[in-house]
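*Asks:* This is the structure I have questions about; it appears just below.
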Amino acid sequence: MKYKVNAIAQYRSFLLGFFFLIIVGMGFMIGDKQFFAGEDDELSKTIFVLQSGHESSLLTSVDTGGEKLVALTFDDGPDPRYTPDVIDLLKRYDVKATFFVVGQNAEQYPFLVQRQVEEGHEVENHTYTHPDLRLKTAVETSEEIARTEECIRKLTSRTPVYFRPPRRLYSDETVIQAEKAGYRIILWSICVENQRSKTAEQMARRVIKAVRPGMIILAHDGRLDRSQTVEALPMIIESCQQKGYQFVTLEELLAAELPDKD
Ligand SMILES: [Zn+2]
C-alpha cells in the first residue's frame, strides 16, 4: 500500500515536472520570437511604422538577378573609436562600403569623412542628430536632412543621394521630406549587431549564413560600443568573398539592379 502511494506521488511529480518543462520551453520560444523581431540592438524597442503606404519606396535589398554583389553599409559614425579601424579593414580586403554618417559627428571628425571618400567609399545621410523622426515636424525633418547634406557636400564635394532614418523609425512626413529633398530611402536586409549574437563569432556566422545576392548589410561604426562589430567584420568579409561575393557601394549595387519586369 505504502509502495503504491509512493508510486502515485512519483507519477504525479513526474507529470508536474513534465508540464513545467513544456511551459518553460514555450516561454523560451515566445521570448525567442520577440527577440528575433528586433533586427538590431537599435531596433529592439522599435514599433514598426507600416501604415504609410510608402514601404515599396523603402529599399531593403536589390534584385541583381543572382549576381553576387552585396553592399556593406555603416551607420552612426564617424567615430574615432571605430571608424579608423573599419576603414583600415576595408582597405585590407579591398572592400568598398557606404557610410551613413550622422551630420554632427561628420562635423566633429571631418578628417574621417574625407578619408572615407579618398579611399573610394560612399558617404550618405543619416540625419544631423540621430533623432526619432516620428516625433519631428516636417520642418525639423527637412532641417535634419539639409544640415547633414550641407556638411557632407562641404567635406566631399559630392551631394548625398541616399537617406536612412535612424533606427528605422519614420513617419509619412519623413518619407515625404526625404523624397522632396531628392533622396532614395535605404533600409537593410540584415544587421550585423543583433541581440541574439553575443560574440563576434556569432555575429559573423549569422550574416555569413544569410548572405544572398543583392543584400544590404547594416553594421555600425559609432555611438555605442562597436568593438565586436570590428572583430566580426574580417570573418564576414573573408567568408563572403570565399563564397564569391563582391562588396560594392550602394550606388554600384543599384546600378546592377535588374529592370522591373512589369
Ligand atoms: Zn543609426
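Each chain of the C-alpha cells is named A, B, ... in the order shown, its residues numbered from 1; ligands are numbered from 1 in display order.
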Give the residues close to ligand 1, within 6 Å, counting only C-alpha atoms and all ligand atoms; write them as a JSON list (two decimals) with C-alpha atoms, in the first residue's frame.

*Replies:*
```
[["chain", "number", "residue", "atom", "x", "y", "z"],
["A", 75, "ASP", "CA", 25.58, 53.82, -39.61],
["A", 76, "ASP", "CA", 26.12, 56.32, -36.79],
["A", 166, "PRO", "CA", 17.71, 56.38, -37.58],
["A", 167, "ARG", "CA", 16.56, 53.10, -36.02]]
```

*Asks:* Once DSSP has gone over the backbone, tell me which residues of region 28-193 of chain A are in helix (DSSP H, G or I), as a PyMOL selection string.

*Replies:* chain A and resi 28-37+41-43+55-57+83-92+103-108+110-118+133-135+138-156+166-168+172-180

*Asks:* What does the distance between CA of Glu67 (chain A) and CA of Lys91 (chain A) come to in Å, to one decimal place?

*Replies:*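 Here the two named atoms are 22.9 Å from each other.
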
*Asks:* Which is closest to Glu107 (chain A) among A:Ser197, A:Thr64, A:Ser142, A:Thr129, if we use only C-alpha atoms?

*Replies:*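 Residue with the minimum atom-to-atom distance to Glu107 (chain A): A:Thr129.
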
*Asks:* Can you tell me which residues surround Lys136 (chain A) at a distance of at most 10 Å, considering only C-alpha atoms, apart from same-chain residues fewer than 4 positions away, and format the answer as an MDAnalysis selection string?

*Replies:* chainID A and resid 131:132 140:142 144 170:171 173:174

*Asks:* Quick one: everything within 8 Å of Ser189 (chain A), counting only C-alpha atoms, minus sequence neighbours fewer than 2 positions away in the same chain. Send it as a PyMOL selection string.

*Replies:* chain A and resi 60-61+187+191+215-218

*Asks:* Using only C-alpha atoms for the distances, tell me which of A:Ile176, A:Val161, A:Leu72, A:Cys151 is nearest to Thr137 (chain A).

*Replies:* A:Ile176

*Asks:* Hey, which of A:Glu238, A:Asp94, A:Asp63, A:Asp79 ends up closest to Val207 (chain A)? Count only C-alpha atoms.

*Replies:* A:Glu238

*Asks:* Choose the residue, out of A:Val230, A:Leu69, A:Thr148, A:Val123, that has the smallest atom-to-atom separation from Pro84 (chain A); count only C-alpha atoms.

*Replies:*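 Under the stated criterion, the closest residue is A:Val230.
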
*Asks:* Tell me, which residues of region 45-216 of chain A carry DSSP strand (DSSP E or B), written as a list in words?

*Replies:*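 Output for region 45-216 of chain A, strand (DSSP E or B) only: Leu59, Ser61, Leu69, Val70, Ala71, Leu72, Thr73, Phe74, Asp75, Thr98, Phe99, Phe100, Val101, Glu122, Val123, Glu124, Asn125, Tyr162, Phe163, Arg184, Ile185, Ile186, Ile190, Cys191, Met215 and Ile216 of chain A.
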
*Asks:* To one decimal in Å, tell me the separation between CA of Glu231 (chain A) and CA of Val192 (chain A).

*Replies:*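 CA of Val192 (chain A) lies 11.2 Å from CA of Glu231 (chain A).
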
*Asks:* Which of these, A:Lys243, A:Arg226, A:His130, A:Arg196, has the shortest distance to Pro213 (chain A) once you count only C-alpha atoms?

*Replies:*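 Smallest separation from Pro213 (chain A) among the options: A:Lys243.
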
*Asks:* From the set A:Ala255, A:Ala204, A:Val117, A:Leu133, which residue has the shortest atom-to-atom contact distance to Ala97 (chain A), counting only C-alpha atoms?

*Replies:* A:Val117
